[in-house]
Structure formats: C-alpha cells, structure tokens
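The next block holds one structure in the form of structure tokens; read it before the comments.
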Amino acid sequence: MNSTAEAPPVLPEADDAQAGARGRRPGGRTVTKDAARPGRKSFRSRLRRDKQMLLMMVPGVVFLLLFFYIPILGNVIAFQDYQPFLGIGDSMWVGWQNFVDLFANPDFLRAFWNTLYLAAWQLVFLFPVPLVLALIVDSLISTRVRRVFQSIAYLPHFLSWVLVIALFQQMLGGAGFVNNTLRQFGMDPVPFMTNPDTFPILVVVQMIWKDAGWAMIIFLAALASIDASLYEAAAADGAGRWRRMWHITLPGLRSVIVLLLILRIGDILSVGFEQFILQRDAVGAGAAEVLDTFTYYTGVVGGGWSSGAAAGLAKGVVSALLIYAANKLAHRFGEDGIFAKKVG
Amino acid sequence: MSAPRNTGFSRRGFLGLAGLAVTTAGLAACGGGGTSGGSGGAAASAGVKLPTYKEFTGVTADLAGNSKGLQAAFFKLPEGVTSVKDAPLKGKVTGLTETFETMSPGMKDNPFWQRLNAKLGGELELQIAEDIGDGYPAKFATVLASDDLPDMMWVPPNQGIPNVGPMLEAKFQDLTKYLSGDAVLEYPNLAALKPDSWKTAVVNGKIWGAPIPSTPFGQIMSGRRDVWEKVGGLTATSAEEFLEKAKELTRPAERKYALEPAYINILHMVTEWFGAPNSWAVNKDRTLTHLFETEEYAAGVEFTAKMFAAGVFYPDTNVPDMRNRVANGSVAGQVLVGPHDIKAYRAFNKDQAFDILVPFSADGKVKPTYDMGYGTVGFTPFKKADEGKIRELLALINYLSAPFGTVEYMQKNFGEVGKDYTLDAKGNPQLTESGSTNLPGLVSALNIMSSPENVIFNPGFDDDTKYINEQQKKLLEMAWRNPTNGTYSDTNSKVGAKITKQLRDKVVDIITGRAKISELEAAVKRWKSEGGDKIRDEYQAALPADVPVFRA
C-alpha cells in the first residue's frame, strides 16, 4: 500500500465560484494516507522504483501548473488599476489601494459576513448529512435496495443549479405547488423562497438535496474498507448495533471525516456561486450576496477587474489560514490531516 | 415554423445582459455602462463634422417615418432594389460579434453563410460569442488582452466595456477622414444612417465606425388586449386606478397575476407616470439633475412598493418564459424594449392582439413623460490597418448596412429565395427548414454589428403595424431623450455600472418590502459620493447646446 490520491468530493459546486478569483486553491490535493514510511534510500533508486508512478502523475501536475499555479501570478492585478486593453504590463500600479477601498466598502463587508454566516450553517447542518446517509445505506442489507437508494441520492448532483432552483421554485415558490395547494385550502401562502431571514435554511436544504448523496460516496468507500471481522468479533462478544457503530465504525471513519472536514474548512468561503446569483433577486443582496457574487459584480459586471481580484485574493488568504488552522487542529487530535506532521 | 424577422435579434435579450432577471431603468441601460472618451474628449466630439445624411429613397414606406423618431412601416416586402454595385471584399476579413439566438452551424456547414460570402466576394469569418454566462464583455476583454485582434469588433454601449476612449486610441483606426462630411457619400448605405445614430460612434472628436441603429424608442408596458379589456383597457387616469385594475387582474387561485416580477422595469414605467426625466434632467441654468435625485423617482419607488405589497406582481423572480405567459394570459403586463417588440408575442399566440401602454398622469395633474432609447446598439471599429484594408472593411459594412427593401438586405437577413426562404401568397418571406437552422444565429450576429435604420415590418399582421405606428405617434408627443446621449463621461464608464447596481439593489429591497422607503435617501447619497456627482460634472461640461431644458 502506497499513497492514495483522492479527488476531494466535498461540495463540488464551489468550482464555478472561482469566476473572478482565478484558481486560488488551498493547498495541494494529494492525500497521504497510511503512508508507509520506507527506510531512506538514495534519490536515484527511489526515482527508479517510482518511475511509473511519477510518469502517471505528470499529466495531473501539468494540469495543475497550467490552470491553477500559473494563473495565480495573475493576482498581481489586485495591486494595479488593471485595464484589459493595456494588459498587465502597462496597467498602473496602485499598491494596496484596492484593498483599502475594499475594506471600506460596506457591500464587501456584508458579503464577507454573509459568506461566513452561510458557511457556518453549511458546516453545522450540511457536513454531517452525507455521513448519516452513508451509515444508513451501509446498514441496508439488500444490495438491490442499496443500489436504488444510492442512485436516487446521488443523481441530483448531476443537475445544474438552474434546474435545482427551478424545481424548488416549482414546489415551494410563490406560485409553486405547495403554495397553490395552501391557497386552495384557504390558507395564506408561505414565502419559502423570498424570505431573507430563512434564506440560510433554504440554501442548506437545496444543498442537501443536490449534493449530500454525492458526498456520501466517499464515506461509503471508507466504510467498505473497515475489516468485517472486527464486526463479527464484536458481535460475538455481544456488542449491540450502537456499540459497534461507536467503537468500530466511527473510529474507522475518523481519519476520513477529519480529512474531509479540513478540506471543507479550506473551501468554506466558497459557499457557492450559481445558487446565490440565481436567488439574489428573490431575497435581495442583503441576504444572498456572498464573496463570489460580489467578485463577479465588481469585477466582471462592474469592470473593476482589480478590486474583484483583490476580493478574491483576500478570500484566498483567509482560506489558506483556515486550512492551516484546521490542519493544526487535526494534529492535536492525532490525525495526519493534509500535511502530515514531520516525523522527527 | 419560423416567423421572419426584420431585425434578426431580440433586443430584449440584448438589454437582458445588463442584469440577470431585472434589466434596466430604461435608458439607464445605456447610461449604466456607457462608452467613454478621454477627458476633454466631449468638447472635441462636439466639433467633429458628422457624415452627411443622404436618405435612402429606393423604396417608399407604406407608413412614412419622420425625423422625430417615428419609424417607417411596411405592410409587405418591397421589390428589391440594388444598393451596392461591386462585391465589397477582396479576401478574408475577421470580426468579433455576438448572437442572441441559438448559434448557427459554422461556415463550412452553413450554405447560407457560404452564399453570403460568394456575394461579398471574399470570406467573412466571425467569432461569435453567445449570450450566456459572462457573455460578450468577458469575450471582448479576453480577445483584447490577447492582442490578437480581428479586423472588426462590435463595441456595445451598454454592456459596461470600460474606458472605451483610450482603448480605441490604442488599438483601433480613426475613420474620421473616410466618413466625416461628404466623404461618407462614397458609401451610400452609411450615408443613409441618421446623424442621431452617428453621434454614438463619435468618441474624442473622431468617428470610429458605422453606428448600428436600433429602435429610437425606449421601454413600453404591454399586455394582451382581451385580458385588459375586462378591466377597461391597458390605460388609466391615475396610478391608483392602474393599481385597482392590477388587483382585479390578480387572482392567485387561478394562477393569474397582473405584472411580471421585473421590478426595475416596472418602476421605470411608473416613474414615467410621475413625470420623471429620462436619466438626466437639464435645469434652466444648464445644470443636470439625475433621475435618482428627483422627487418623481422617489414617488415612483414608493408606489411600486405599494403595488408589490398589494400582491400584483408574479410571486417568483426567476421566470424564463414571461413572454409566453403574457401571450397565454396568465400574466397581464410586461415591459418590452420598444413598441415594435409586441410582434414577438405573435409567435406564441397568433390569435390575440397586444396593447401598448401610453404613459398617463399618476395623479391627473402631473404631465407624464416617455423615455426614448439610446437609438443604437453601438458601433463596430476596425483594427488599425492600411488604407486599402480600411476601404475594404468600409465597403463591407456598407453592404451589411443596406436598407430594408434592398437586394443586399434580403441577402443578409433572409438569404436566397427558394433555398433559404420562400415567399408566401402575400409575397412575404418564410424561412425554409434549412433556412431556420442556418439563419437565425448568424443573422442575429450580423445585425448586432451592422444595421440600417430600423423599420416596422410584421408580415401578415397589418393591424399590428398600424397600431404600433399609431402608438408611436402618441408616445412621441410626450417623449424625452436622454440629454447626455452621444456624450461621454470617464467616471461613468469606470464606476457607472457598479454604483447603479448598488442603488438598484436597494431600490429592489424597498419595493419588495425588505427595506424602508426612508432608506432611499441614503442610497442616493452614496450613489452621488461614489461617482454620481463626478459623472454629473463631466456630463454637464459636455452638455450639447441644443438639448432642451426639462419641462421648461
């Protein structure tokens, strides 16, 4: 067993959110798990031994370099008064001015606050759902039922946000199924989709519906890797269902949970883009403006490329700090986290 | 089934770019992004000699237009006359443009395109951006940044392409000597574009390309005639009466609502009833007051909020098929880009007539206003090149700007008879099956970068044509143009879109009850301090002497 590379499955909706914040991604994504640490060998012999592995990595590394690392250099426009027709070379340098303006802008601060607030909602109410789903699916005995359940749960992941929100509007909107039914019974309609105060709940419910089933897959994989003989032994010793879950299942999942949590925290400021831009008019910018929509409106729509880039950069820095802090915390709990602790 | 169009693209879609669902406060669509010249450019622009206007007299309209803006109208297709003698191209030319229809097949698989190339005598290769996602400005910015420019690039005035002035000077060809004064007569179809249209192609005292005329009219409210007749027609004697009618038409149990949820557009209609100015009011001392600063605007916001509270708006905001809903009667009123646009309903509902609301007085005393539009969708400048190439491109644009009723117009908009379209019993063009695949996407892209003066032409619906003409006359009686049209403000091009968006976000909050009307004042103050006042100063300095004082 060598190192395993896993694509992070956590809430992939965030990918589109990078409209203005070109590809600042927290940390590397290669995960070293159960890393057997071999005795020191010479560089050349290791090179020879891992030749095939290294070759296989080349396309991925090139991809990351081209589309994630090189574009990072473009962040210099955050310190310029960037004009596309002048290019990076000829645009004027303005130093920290874009950041000064940004932090004096109440809209940016509001977007920042909204992002944190929605992120907290997502972390508390969204993160545990795939785990619970995985445990339920894992406990199903009939493989057939299991497959059907699994498919139903993860298929919505493949629907675009436009469709998801259209579906929610058809059901819960002011002219949707639920409210029309309420009216038929003479009751007042409920503004599920247009109430800014309950917007975080709506957002989380939509996310659960769309992505929880997808995020469950990773937990299912981790569950499958737990040695079945442990359960048999425990059952033979008279451990009940809950005891087995507490003493075998959850400890077995611990490293995966911690890992996903760290990745999630690193990505936490990317709460989503389309989901919010599509519902911004319904609940107003006061509730639905997040960092990514702010970046879009300032940078792309407003032509303020530089202040958009500055907002994206600020977000990237905070994300990097968060991921670092989360990783530290993981070490406290005796887990490897993303960057394994140096073996001293 | 393909309704022939004479414009080839939906200008509603075009304006839709300004925002996702909520579009524009009328002309502010154009004021929002705004092209810009360098400082002092405005004064220079006032000095440039516009191309000589020489009307196209090859065909006679059934209903004549006039210089005030009334659009010429045709009941049937005139016998085509030739307006261009020689094929304009010698080789290959490239261009960047945008389509508002589903993309057509590429040149290799598109016989309509190939036939057009044959007529042009060369190869017209276009990069066509689609009206999705970040849309045209993003595409424009990337092409610009790549420094590998095509020969021609469409420059829209209202999509917020920033710093147009310095950009033009850096990369594009000054066409003044080819087009100013009588020089334009060498290109008769360009000489047939009106001076008002040309004004929008002048930046820093230089002419940068041929303008692309669109309807001179601005937004109107429209609705299905039989729906409104039940409550006495799509008109009122006061805002309150309109609200009563709207309430009557709103029956949620039957899933019927009075107004589309485009709050900013509806607000625009309401402020006209209150007599608000078209973006800017010229005061007696030739200073400017912005729409946002007026009492009429505040009154309009308050009344629109009252309408929202009364529940007459469709209750959800993301509604993609609004035109269809109006056509089938489930939503009564919608705002369109101009009077000509009601013809689009006929694609959904052939059997019903649609009304155009003429602004009425909000309280029976104040004089209502009607806001005319920007009049063009920008211009298409050429990359710097030698005279031979520039002349070739001008000849091409001359061909593509051929007026309605010419052979070239038909070639560009309908293709070849028998192959791309056929003529019905009344002599009106109907696209063939292959025509309706090959044409719309490309025709839309061609028409957004080059166009003759627009005419009204609704083949098969003569009554619509007459009605549009009648309503246009009534609208013109109370019409105002944005006094800053054709002048430029640097600050507007830099921050205009952003601060307008900030203010509109607050206005939508107020209308939908998420904020109080008292918060409007602070929002306007912010708009002023973050650029509004500076924009005013720049426009004021450039104000043409001939724009009239608002309600003198």
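Note on naming: chains are A, B, ... as they come in the structure tokens, residues start from 1 per chain, ligands start from 1 in the order shown.
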
- Query: Quick one: DSSP strand (DSSP E) residues in region 54-147 of chain B, as a list in words?
  - Reply: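 Those in region 54-147 of chain B that DSSP calls strand (DSSP E) are Ala73, Phe74, Lys92, Val93, Thr94, Gly95, Leu96, Thr97, Glu98, Thr99, Glu123, Leu124, Glu125, Leu126, Gln127, Ile128, Ala129 and Glu130 of chain B.
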
- Message: Show me, as number ranges by chain, every residue of chain A with an atom at most 9 Å from chain B, counting only C-alpha atoms.
- Response: A: 83-88, 107, 165-166, 169, 173-176, 180, 183-184, 191, 193-196, 277-279, 281-286, 297-298, 300-304

Store the residues picked out above, limited to C-alpha atoms, as a CSV table (one decimal), in the first residue's frame.
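Writing done, so here's selection05.csv:
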```csv
chain,number,residue,atom,x,y,z
A,83,GLN,CA,-7.3,47.6,-17.9
A,84,PRO,CA,-7.7,44.7,-20.3
A,85,PHE,CA,-6.6,46.7,-23.3
A,86,LEU,CA,-3.4,47.8,-21.6
A,87,GLY,CA,-2.6,44.4,-20.2
A,88,ILE,CA,-0.7,43.6,-17.1
A,107,ASP,CA,-21.0,45.8,0.5
A,165,ILE,CA,-33.6,26.1,-8.2
A,166,ALA,CA,-36.3,25.9,-10.9
A,169,GLN,CA,-39.5,27.2,-7.2
A,173,GLY,CA,-42.3,29.2,-4.9
A,174,GLY,CA,-45.0,31.8,-4.5
A,175,ALA,CA,-46.8,30.3,-7.5
A,176,GLY,CA,-45.5,26.8,-6.7
A,180,ASN,CA,-51.1,26.9,-4.6
A,183,ARG,CA,-54.4,28.7,-1.3
A,184,GLN,CA,-56.9,26.0,-2.3
A,191,PRO,CA,-42.7,32.8,1.3
A,193,MET,CA,-38.2,31.3,-1.5
A,194,THR,CA,-38.4,35.0,-0.9
A,195,ASN,CA,-37.9,35.4,2.9
A,196,PRO,CA,-34.3,36.7,3.5
A,277,ILE,CA,-26.7,34.6,-8.0
A,278,LEU,CA,-29.9,32.9,-9.2
A,279,GLN,CA,-31.7,33.7,-5.9
A,281,ASP,CA,-33.2,38.9,-6.7
A,282,ALA,CA,-35.6,36.8,-4.8
A,283,VAL,CA,-34.2,37.6,-1.3
A,284,GLY,CA,-32.1,40.6,-2.1
A,285,ALA,CA,-28.4,41.3,-1.9
A,286,GLY,CA,-28.7,41.8,1.8
A,297,TYR,CA,-20.5,42.0,-9.8
A,298,THR,CA,-17.5,44.2,-9.1
A,300,VAL,CA,-16.9,41.3,-14.4
A,301,VAL,CA,-20.1,43.3,-14.5
A,302,GLY,CA,-18.7,46.5,-13.0
A,303,GLY,CA,-15.4,46.3,-14.9
A,304,GLY,CA,-13.4,46.6,-11.7
```

- Item | Atom-to-atom span, CA of Asn98 (chain A) and CA of Asp292 (chain A), Å |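 CA of Asp292 (chain A) lies 16.7 Å from CA of Asn98 (chain A).
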
- Polymer residues at most 10 Å from Leu329 (chain A), only C-alpha atoms, same-chain spacing of 6 or more positions, as a list in words: Val258, Ile262, Ile323, Glu335 and Gly337 of chain A

Keeping only N, CA and C atoms, write the selected residues as an mmCIF file, in the first residue's frame.
```
data_model
loop_
_atom_site.group_PDB
_atom_site.id
_atom_site.type_symbol
_atom_site.label_atom_id
_atom_site.label_comp_id
_atom_site.auth_asym_id
_atom_site.auth_seq_id
_atom_site.Cartn_x
_atom_site.Cartn_y
_atom_site.Cartn_z
ATOM 1 N N VAL A 258 -12.039 13.607 9.408
ATOM 2 C CA VAL A 258 -11.172 14.751 9.698
ATOM 3 C C VAL A 258 -10.624 15.354 8.410
ATOM 4 N N ILE A 262 -11.283 19.114 7.060
ATOM 5 C CA ILE A 262 -10.234 20.115 6.779
ATOM 6 C C ILE A 262 -10.408 20.686 5.373
ATOM 7 N N ILE A 323 -7.299 26.658 6.496
ATOM 8 C CA ILE A 323 -6.894 25.278 6.247
ATOM 9 C C ILE A 323 -5.678 24.951 7.123
ATOM 10 N N GLU A 335 -4.413 13.081 14.184
ATOM 11 C CA GLU A 335 -4.629 12.660 12.808
ATOM 12 C C GLU A 335 -3.568 13.275 11.900
ATOM 13 N N GLY A 337 -4.145 14.649 8.915
ATOM 14 C CA GLY A 337 -4.610 15.848 8.231
ATOM 15 C C GLY A 337 -4.112 15.864 6.807
#
```

- Message: With DSSP run on the backbone, what are the alpha helix (DSSP H) residues within region 215-376 of chain B? I'd like them as a PyMOL selection string.
- Response: chain B and resi 225-229+239-249+263-273+295-309+322-327

- Query: Of the residues B:Glu293, B:Glu101, B:Glu248, B:Glu123, which is the one nearest to Arg526 (chain B), using only C-alpha atoms?
  - Reply: B:Glu293

Taking only residues of region 193-290 of chain A that have an atom at most 9 Å from an atom of region 151-155 of chain A, what is each one's shortest atom pair and its distance in Å to one decimal, using only C-alpha atoms, in chain and number order, as a Markdown table?
```
| residue | atom | partner | partner_atom | distance |
| --- | --- | --- | --- | --- |
| A:Trp209 | CA | A:Ala153 | CA | 8.0 |
| A:Lys210 | CA | A:Tyr154 | CA | 7.6 |
| A:Asp211 | CA | A:Tyr154 | CA | 6.9 |
| A:Ala212 | CA | A:Tyr154 | CA | 7.2 |
| A:Gly213 | CA | A:Tyr154 | CA | 4.1 |
| A:Trp214 | CA | A:Tyr154 | CA | 4.6 |
| A:Ala215 | CA | A:Tyr154 | CA | 8.1 |
| A:Met216 | CA | A:Tyr154 | CA | 8.1 |
| A:Ile217 | CA | A:Tyr154 | CA | 8.4 |
```

Generate a file of the selected residues that holds N, CA and C atoms, formatted as a tab-separated table (two decimals), in the first residue's frame.
```tsv
chain	number	residue	atom	x	y	z
A	209	TRP	N	-30.25	18.39	-0.76
A	209	TRP	CA	-30.97	17.68	-1.81
A	209	TRP	C	-30.04	17.39	-3.00
A	210	LYS	N	-29.23	18.39	-3.33
A	210	LYS	CA	-28.41	18.25	-4.53
A	210	LYS	C	-27.15	17.41	-4.30
A	211	ASP	N	-26.45	17.66	-3.19
A	211	ASP	CA	-25.09	17.13	-3.11
A	211	ASP	C	-24.78	16.13	-2.00
A	212	ALA	N	-25.71	15.98	-1.05
A	212	ALA	CA	-25.39	15.10	0.07
A	212	ALA	C	-25.17	13.66	-0.41
A	213	GLY	N	-25.97	13.21	-1.35
A	213	GLY	CA	-25.83	11.86	-1.85
A	213	GLY	C	-24.50	11.62	-2.51
A	214	TRP	N	-24.01	12.63	-3.16
A	214	TRP	CA	-22.73	12.54	-3.85
A	214	TRP	C	-21.59	12.47	-2.84
A	215	ALA	N	-21.67	13.35	-1.84
A	215	ALA	CA	-20.61	13.40	-0.84
A	215	ALA	C	-20.59	12.10	-0.01
A	216	MET	N	-21.72	11.40	0.00
A	216	MET	CA	-21.83	10.15	0.76
A	216	MET	C	-20.89	9.08	0.22
A	217	ILE	N	-20.60	9.12	-1.08
A	217	ILE	CA	-19.85	8.04	-1.72
A	217	ILE	C	-18.50	7.80	-1.04
```

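Take CA of Leu475 (chain B) and CA of Arg504 (chain B): the distance between them is 26.1 Å.
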
- Item | Minimum-distance residue to Leu118 (chain A), chosen among A:Val271, A:Ala222, A:Ala233, A:Met92 (using only C-alpha atoms) | A:Val271

- Item | Between CA of Leu185 (chain B) and CA of Lys90 (chain B) - distance in Å to one decimal |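 Result for CA of Lys90 (chain B) versus CA of Leu185 (chain B): 21.2 Å, one decimal.
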
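Remark: for Gly373 (chain B), the closest of the candidate residues B:Asp109, B:Asp196, B:Glu98, B:Glu416 is B:Asp196 (distances computed over only C-alpha atoms).
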
- Message: Show me, as a PyMOL selection string, the residues that have an atom within 7 Å of Ala479 (chain B) when counting only C-alpha atoms, minus same-chain residues fewer than 4 positions from it.
- Response: chain B and resi 369-372+475

Restricted to N, CA and C atoms, what would the selected residues look like written as a compact mmCIF listing (two decimals), in the first residue's frame?
```
# COMPACT_ATOMS: atom_id res chain seq x y z
N THR B 369 -44.21 61.50 -18.79
CA THR B 369 -43.12 61.55 -19.76
C THR B 369 -43.00 60.18 -20.42
N TYR B 370 -42.33 60.16 -21.56
CA TYR B 370 -41.98 58.88 -22.16
C TYR B 370 -40.51 58.92 -22.54
N ASP B 371 -39.75 57.90 -22.14
CA ASP B 371 -38.31 57.90 -22.35
C ASP B 371 -37.93 57.20 -23.64
N MET B 372 -37.33 57.97 -24.53
CA MET B 372 -36.82 57.37 -25.77
C MET B 372 -35.55 56.57 -25.45
N LEU B 475 -46.71 58.29 -28.25
CA LEU B 475 -45.55 58.29 -27.35
C LEU B 475 -44.63 59.47 -27.65
```
